[in-house]
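All remarks here apply to the structure that follows.
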Amino acid sequence: MLPAREHAALQQALQQAQAVVVEPYQQIQFAYPTFSVLTPLYDGLQPLGALWMVVDLRANLFPLLNAIQQGSATAESMLLQREGSDVVHINPLRHRISQPLERLASMEQDDDLVAVQAFAGIRGVLYGPDYRRHQVLAASGVVPDSPWLLVSKIDVTEAFAHDQRKEGVFLGLLIGVSAFLMLSTVLYWIWLTGKREHVLKLELENHMRWLERAQKTALLGFFSIDWSNQKIALSPMAAEILGTQGLQQLTFSDFARYIPSEQIKPILRKLLDVRRDRTVQKIEFDLRTQHQQAQIRTVECWCEMEDVAVYDQTAKIIGTIQDITQRKATDQALEQYRNLLEHQVRKDSLTGLSNRRALDEELDRAWRHAIRENQPLAVLVIDIDHFKGYNDYYGHLQGDVCLQQVAQVLKKHVQRGHDHVFRFGGEEFVVLLPNTTLSQARQMAVHLCQTVQMQSIENEAAPERQVVTISVGVACMTPTKSDSLRDCPLMEMADAALYQAKSAGRNQVCVQRSD
């Protein structure tokens, strides 16, 4: 018996005739969380069942999320999704003994947690408690085309440990000075004036250090661009991201040395848009490395004009710069993983040919192209003769070998780049021939019919010949804009022609004309 979610996905896959993805959850059958796909299988037009593909997230996904933990005692990345009013974590947690896909927080009761803030729509850098109720700095983002959010965090105590120690010393100093003030009222006002200036200076220095620590934790720097002298001022973290060896002021020409030449003009155009239209722009570019073998780094900038008079020509462009290399690598890995699953659900696992879902998609593309270019579109529907008797005589395992042999013959002899071979279901195959006339399609069908017979694949169950043969139905149309693929009789025509070929004795080709 399939689990409830897979059973519902199976019903949906059979109804829609396409693969259905089941998002990660913990199944009783497996000791680990899984991500699965159900792909329907057909015998002709009749559904036989579905292929259930299960992927272990521990081997494919969780290692990607542990990269942030390197060199840190509290850093952690969490892949989260929402179930009703609860937020659940997909990957194991670093600081709590729990199973993946267990409840992490409630949207109603834990609205101050950074995980709940992320699902409330807050993106970028967050500040608040985590699931342990420890104050953390966090960054959140959406995983494309999925209900998942990625939240990375680090404890504030670790990020600001050095500053907190200094804050304790400073607090002790204030207590000592306060006691001294109680003993001397004569010098109170003189001392207070000097102390206020000193306190403001210390607070400013502390805030600057805190800001710098926060920038380093989030890999976030700040910059300003002065158009009057064409110079760029960088914060220490921005200089570190760009790799300027501590140089915190650059000219435009100096800055251009850090960027690939083909990306300079697009960056300048966006900066001019910010200056002219006073809009906020996101600029993403690569950093040129000193060594060709070094990893290419990618940065992301958000730019806007200073909040000054609209017509002030001395206004500067200000913004943030962030190293997003790791984030892009994670996004690309997830995208490749999703593309791999998409590719797998369009392949027939037995023959290696494209399956019926791929046929539906390719037929739609070919139909629209034929209308646009006013070209004919031909279809061959192929059936292996006496295949039921072959299975009964030789067994189903040998029957699978026979299907693979015939599929390889068809694939080898349908050689044009825009032609495609599909396994339609059971022992039936379909060949899609764009920009092919009825005469050309019939020649191809006769060639395939003869070629399969010449393979001399033994079939003692065939009464006329003791080798495997095929029957082929051919149909062709030149669709117009008024024709709809949904109402198109092309496949039905080819199927009717196949029925005629089998009724006429098999091992032959029959043609169904569109008129």
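Chain labels A, B, ... are given in the sequence in which chains occur in the structure tokens; within each chain residues are numbered consecutively from 1, and ligands are likewise numbered from 1 in the order shown.
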
Backbone-only DSSP, strand (DSSP E) members of region 394-448 of chain A, as number ranges by chain: A: 420-425, 428-434

Residues from last step as file, N, CA, C and O atoms, as a PDB file, in the first residue's frame:
ATOM      1  N   HIS A 420      11.901  12.711 -33.657  1.00  0.00           N
ATOM      2  CA  HIS A 420      11.960  12.136 -32.307  1.00  0.00           C
ATOM      3  C   HIS A 420      11.229  10.797 -32.274  1.00  0.00           C
ATOM      4  O   HIS A 420      10.210  10.614 -32.943  1.00  0.00           O
ATOM      5  N   VAL A 421      11.766   9.869 -31.446  1.00  0.00           N
ATOM      6  CA  VAL A 421      11.145   8.559 -31.234  1.00  0.00           C
ATOM      7  C   VAL A 421      10.696   8.489 -29.770  1.00  0.00           C
ATOM      8  O   VAL A 421      11.449   8.854 -28.859  1.00  0.00           O
ATOM      9  N   PHE A 422       9.476   7.987 -29.547  1.00  0.00           N
ATOM     10  CA  PHE A 422       8.914   7.893 -28.195  1.00  0.00           C
ATOM     11  C   PHE A 422       8.374   6.487 -27.970  1.00  0.00           C
ATOM     12  O   PHE A 422       7.904   5.841 -28.916  1.00  0.00           O
ATOM     13  N   ARG A 423       8.452   6.027 -26.726  1.00  0.00           N
ATOM     14  CA  ARG A 423       7.723   4.816 -26.356  1.00  0.00           C
ATOM     15  C   ARG A 423       6.352   5.256 -25.867  1.00  0.00           C
ATOM     16  O   ARG A 423       6.234   5.949 -24.857  1.00  0.00           O
ATOM     17  N   PHE A 424       5.310   4.843 -26.598  1.00  0.00           N
ATOM     18  CA  PHE A 424       3.959   5.305 -26.319  1.00  0.00           C
ATOM     19  C   PHE A 424       3.334   4.506 -25.178  1.00  0.00           C
ATOM     20  O   PHE A 424       2.496   4.993 -24.437  1.00  0.00           O
ATOM     21  N   GLY A 425       3.763   3.254 -25.027  1.00  0.00           N
ATOM     22  CA  GLY A 425       3.215   2.397 -23.983  1.00  0.00           C
ATOM     23  C   GLY A 425       3.198   0.954 -24.462  1.00  0.00           C
ATOM     24  O   GLY A 425       2.904   0.680 -25.625  1.00  0.00           O
ATOM     25  N   GLU A 428       4.035  -0.323 -28.149  1.00  0.00           N
ATOM     26  CA  GLU A 428       3.783   0.715 -29.146  1.00  0.00           C
ATOM     27  C   GLU A 428       4.816   1.834 -29.049  1.00  0.00           C
ATOM     28  O   GLU A 428       5.224   2.230 -27.960  1.00  0.00           O
ATOM     29  N   PHE A 429       5.222   2.328 -30.235  1.00  0.00           N
ATOM     30  CA  PHE A 429       6.156   3.441 -30.336  1.00  0.00           C
ATOM     31  C   PHE A 429       5.553   4.497 -31.268  1.00  0.00           C
ATOM     32  O   PHE A 429       4.699   4.185 -32.108  1.00  0.00           O
ATOM     33  N   VAL A 430       6.011   5.735 -31.105  1.00  0.00           N
ATOM     34  CA  VAL A 430       5.571   6.839 -31.960  1.00  0.00           C
ATOM     35  C   VAL A 430       6.805   7.562 -32.481  1.00  0.00           C
ATOM     36  O   VAL A 430       7.742   7.831 -31.716  1.00  0.00           O
ATOM     37  N   VAL A 431       6.797   7.873 -33.779  1.00  0.00           N
ATOM     38  CA  VAL A 431       7.858   8.675 -34.390  1.00  0.00           C
ATOM     39  C   VAL A 431       7.226   9.981 -34.862  1.00  0.00           C
ATOM     40  O   VAL A 431       6.257   9.967 -35.630  1.00  0.00           O
ATOM     41  N   LEU A 432       7.764  11.107 -34.401  1.00  0.00           N
ATOM     42  CA  LEU A 432       7.266  12.436 -34.762  1.00  0.00           C
ATOM     43  C   LEU A 432       8.205  13.024 -35.801  1.00  0.00           C
ATOM     44  O   LEU A 432       9.418  13.145 -35.564  1.00  0.00           O
ATOM     45  N   LEU A 433       7.651  13.404 -36.971  1.00  0.00           N
ATOM     46  CA  LEU A 433       8.456  13.867 -38.106  1.00  0.00           C
ATOM     47  C   LEU A 433       8.004  15.264 -38.532  1.00  0.00           C
ATOM     48  O   LEU A 433       7.138  15.419 -39.390  1.00  0.00           O
ATOM     49  N   PRO A 434       8.581  16.335 -37.957  1.00  0.00           N
ATOM     50  CA  PRO A 434       8.234  17.686 -38.408  1.00  0.00           C
ATOM     51  C   PRO A 434       8.732  17.935 -39.833  1.00  0.00           C
ATOM     52  O   PRO A 434       9.729  17.345 -40.283  1.00  0.00           O
TER      53      PRO A 434
END

Point-to-point distance from CA of Asn91 (chain A) to CA of Val20 (chain A), Å rounded to tenths: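 CA of Val20 (chain A) lies 22.5 Å from CA of Asn91 (chain A).
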
Selection near Leu14 (chain A), 10 Å with only C-alpha atoms, sequence-local residues under 3 positions removed, as a tab-separated table (two decimals) with all heavy atoms, in the first residue's frame:
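Heads up, here's the output in around-v5.tsv:
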chain	number	residue	atom	x	y	z
A	9	ALA	N	-0.98	11.51	-4.81
A	9	ALA	CA	-0.18	11.92	-5.97
A	9	ALA	C	-0.36	10.96	-7.13
A	9	ALA	O	-0.37	11.35	-8.30
A	9	ALA	CB	1.30	12.02	-5.58
A	10	LEU	N	-0.50	9.65	-6.82
A	10	LEU	CA	-0.73	8.66	-7.87
A	10	LEU	C	-2.04	8.93	-8.60
A	10	LEU	O	-2.11	8.89	-9.83
A	10	LEU	CB	-0.73	7.26	-7.25
A	10	LEU	CG	-1.15	6.11	-8.20
A	10	LEU	CD1	-0.17	6.01	-9.36
A	10	LEU	CD2	-1.22	4.79	-7.43
A	11	GLN	N	-3.11	9.19	-7.83
A	11	GLN	CA	-4.40	9.49	-8.46
A	11	GLN	C	-4.29	10.73	-9.34
A	11	GLN	O	-4.82	10.77	-10.46
A	11	GLN	CB	-5.47	9.71	-7.37
A	11	GLN	CG	-5.71	8.48	-6.49
A	11	GLN	CD	-6.18	7.28	-7.30
A	11	GLN	OE1	-6.98	7.41	-8.22
A	11	GLN	NE2	-5.65	6.09	-6.97
A	17	ALA	N	-2.15	12.52	-16.45
A	17	ALA	CA	-1.21	11.88	-17.38
A	17	ALA	C	0.14	12.58	-17.36
A	17	ALA	O	0.76	12.80	-18.39
A	17	ALA	CB	-1.79	11.85	-18.80
A	18	GLN	N	0.61	12.93	-16.17
A	18	GLN	CA	1.92	13.55	-16.04
A	18	GLN	C	2.46	13.28	-14.65
A	18	GLN	O	1.71	12.93	-13.73
A	18	GLN	CB	1.86	15.05	-16.30
A	18	GLN	CG	1.00	15.82	-15.31
A	18	GLN	CD	0.98	17.30	-15.62
A	18	GLN	OE1	1.40	17.72	-16.69
A	18	GLN	NE2	0.46	18.09	-14.71
A	19	ALA	N	3.79	13.46	-14.52
A	19	ALA	CA	4.43	13.18	-13.25
A	19	ALA	C	4.02	14.19	-12.19
A	19	ALA	O	3.78	15.35	-12.49
A	19	ALA	CB	5.96	13.19	-13.41
A	20	VAL	N	3.94	13.73	-10.92
A	20	VAL	CA	3.56	14.58	-9.80
A	20	VAL	C	4.64	14.45	-8.72
A	20	VAL	O	5.07	13.34	-8.39
A	20	VAL	CB	2.18	14.19	-9.23
A	20	VAL	CG1	1.87	15.00	-7.98
A	20	VAL	CG2	1.09	14.39	-10.27
A	38	LEU	N	6.08	10.52	-8.72
A	38	LEU	CA	5.30	9.44	-9.27
A	38	LEU	C	5.01	9.75	-10.73
A	38	LEU	O	4.45	10.80	-11.05
A	38	LEU	CB	3.98	9.24	-8.50
A	38	LEU	CG	4.19	8.50	-7.17
A	38	LEU	CD1	4.23	9.49	-6.03
A	38	LEU	CD2	3.13	7.44	-6.94
A	39	THR	N	5.40	8.82	-11.61
A	39	THR	CA	5.24	8.99	-13.05
A	39	THR	C	4.29	7.90	-13.57
A	39	THR	O	4.55	6.70	-13.37
A	39	THR	CB	6.59	8.86	-13.77
A	39	THR	OG1	7.49	9.79	-13.18
A	39	THR	CG2	6.44	9.15	-15.24
A	40	PRO	N	3.18	8.27	-14.22
A	40	PRO	CA	2.23	7.26	-14.69
A	40	PRO	C	2.79	6.41	-15.83
A	40	PRO	O	3.56	6.90	-16.66
A	40	PRO	CB	1.03	8.10	-15.14
A	40	PRO	CG	1.61	9.42	-15.49
A	40	PRO	CD	2.76	9.63	-14.55
A	41	LEU	N	2.38	5.13	-15.86
A	41	LEU	CA	2.75	4.20	-16.93
A	41	LEU	C	1.47	3.75	-17.64
A	41	LEU	O	0.44	3.53	-17.00
A	41	LEU	CB	3.50	2.99	-16.37
A	41	LEU	CG	4.79	3.29	-15.59
A	41	LEU	CD1	5.35	2.01	-15.01
A	41	LEU	CD2	5.80	3.95	-16.50
A	42	TYR	N	1.52	3.61	-18.94
A	42	TYR	CA	0.33	3.31	-19.73
A	42	TYR	C	0.57	2.11	-20.64
A	42	TYR	O	1.67	1.86	-21.12
A	42	TYR	CB	-0.07	4.53	-20.59
A	42	TYR	CG	-0.61	5.68	-19.80
A	42	TYR	CD1	0.25	6.61	-19.23
A	42	TYR	CD2	-1.98	5.84	-19.61
A	42	TYR	CE1	-0.24	7.68	-18.49
A	42	TYR	CE2	-2.48	6.91	-18.87
A	42	TYR	CZ	-1.61	7.82	-18.31
A	42	TYR	OH	-2.11	8.86	-17.60
A	46	GLN	N	-4.61	2.89	-21.71
A	46	GLN	CA	-5.04	2.41	-20.40
A	46	GLN	C	-3.90	2.56	-19.39
A	46	GLN	O	-2.78	2.12	-19.64
A	46	GLN	CB	-5.48	0.94	-20.47
A	46	GLN	CG	-6.67	0.71	-21.37
A	46	GLN	CD	-7.91	1.47	-20.89
A	46	GLN	OE1	-8.16	1.54	-19.69
A	46	GLN	NE2	-8.66	2.03	-21.83
A	47	PRO	N	-4.14	3.18	-18.23
A	47	PRO	CA	-3.09	3.31	-17.23
A	47	PRO	C	-2.81	1.95	-16.56
A	47	PRO	O	-3.72	1.23	-16.18
A	47	PRO	CB	-3.68	4.31	-16.23
A	47	PRO	CG	-5.16	4.20	-16.40
A	47	PRO	CD	-5.40	3.84	-17.84
A	48	LEU	N	-1.52	1.63	-16.44
A	48	LEU	CA	-1.11	0.40	-15.77
A	48	LEU	C	-0.75	0.65	-14.30
A	48	LEU	O	-0.92	-0.20	-13.45
A	48	LEU	CB	0.12	-0.19	-16.47
A	48	LEU	CG	-0.11	-0.75	-17.88
A	48	LEU	CD1	1.20	-1.23	-18.45
A	48	LEU	CD2	-1.12	-1.88	-17.85
A	49	GLY	N	-0.24	1.84	-14.02
A	49	GLY	CA	0.21	2.15	-12.67
A	49	GLY	C	1.13	3.34	-12.75
A	49	GLY	O	0.96	4.22	-13.59
A	50	ALA	N	2.14	3.36	-11.89
A	50	ALA	CA	3.06	4.50	-11.88
A	50	ALA	C	4.42	4.06	-11.38
A	50	ALA	O	4.54	3.08	-10.64
A	50	ALA	CB	2.52	5.65	-11.02

Using only C-alpha atoms: which of A:Asp348, A:Asp56, A:Glu492, A:Glu361 has the shortest distance to Gly426 (chain A):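 Counting only C-alpha atoms, the residue closest to Gly426 (chain A) is A:Asp348.
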
Separation of CA of Gln408 (chain A) from CA of Gly352 (chain A) in Å: 8.8 Å
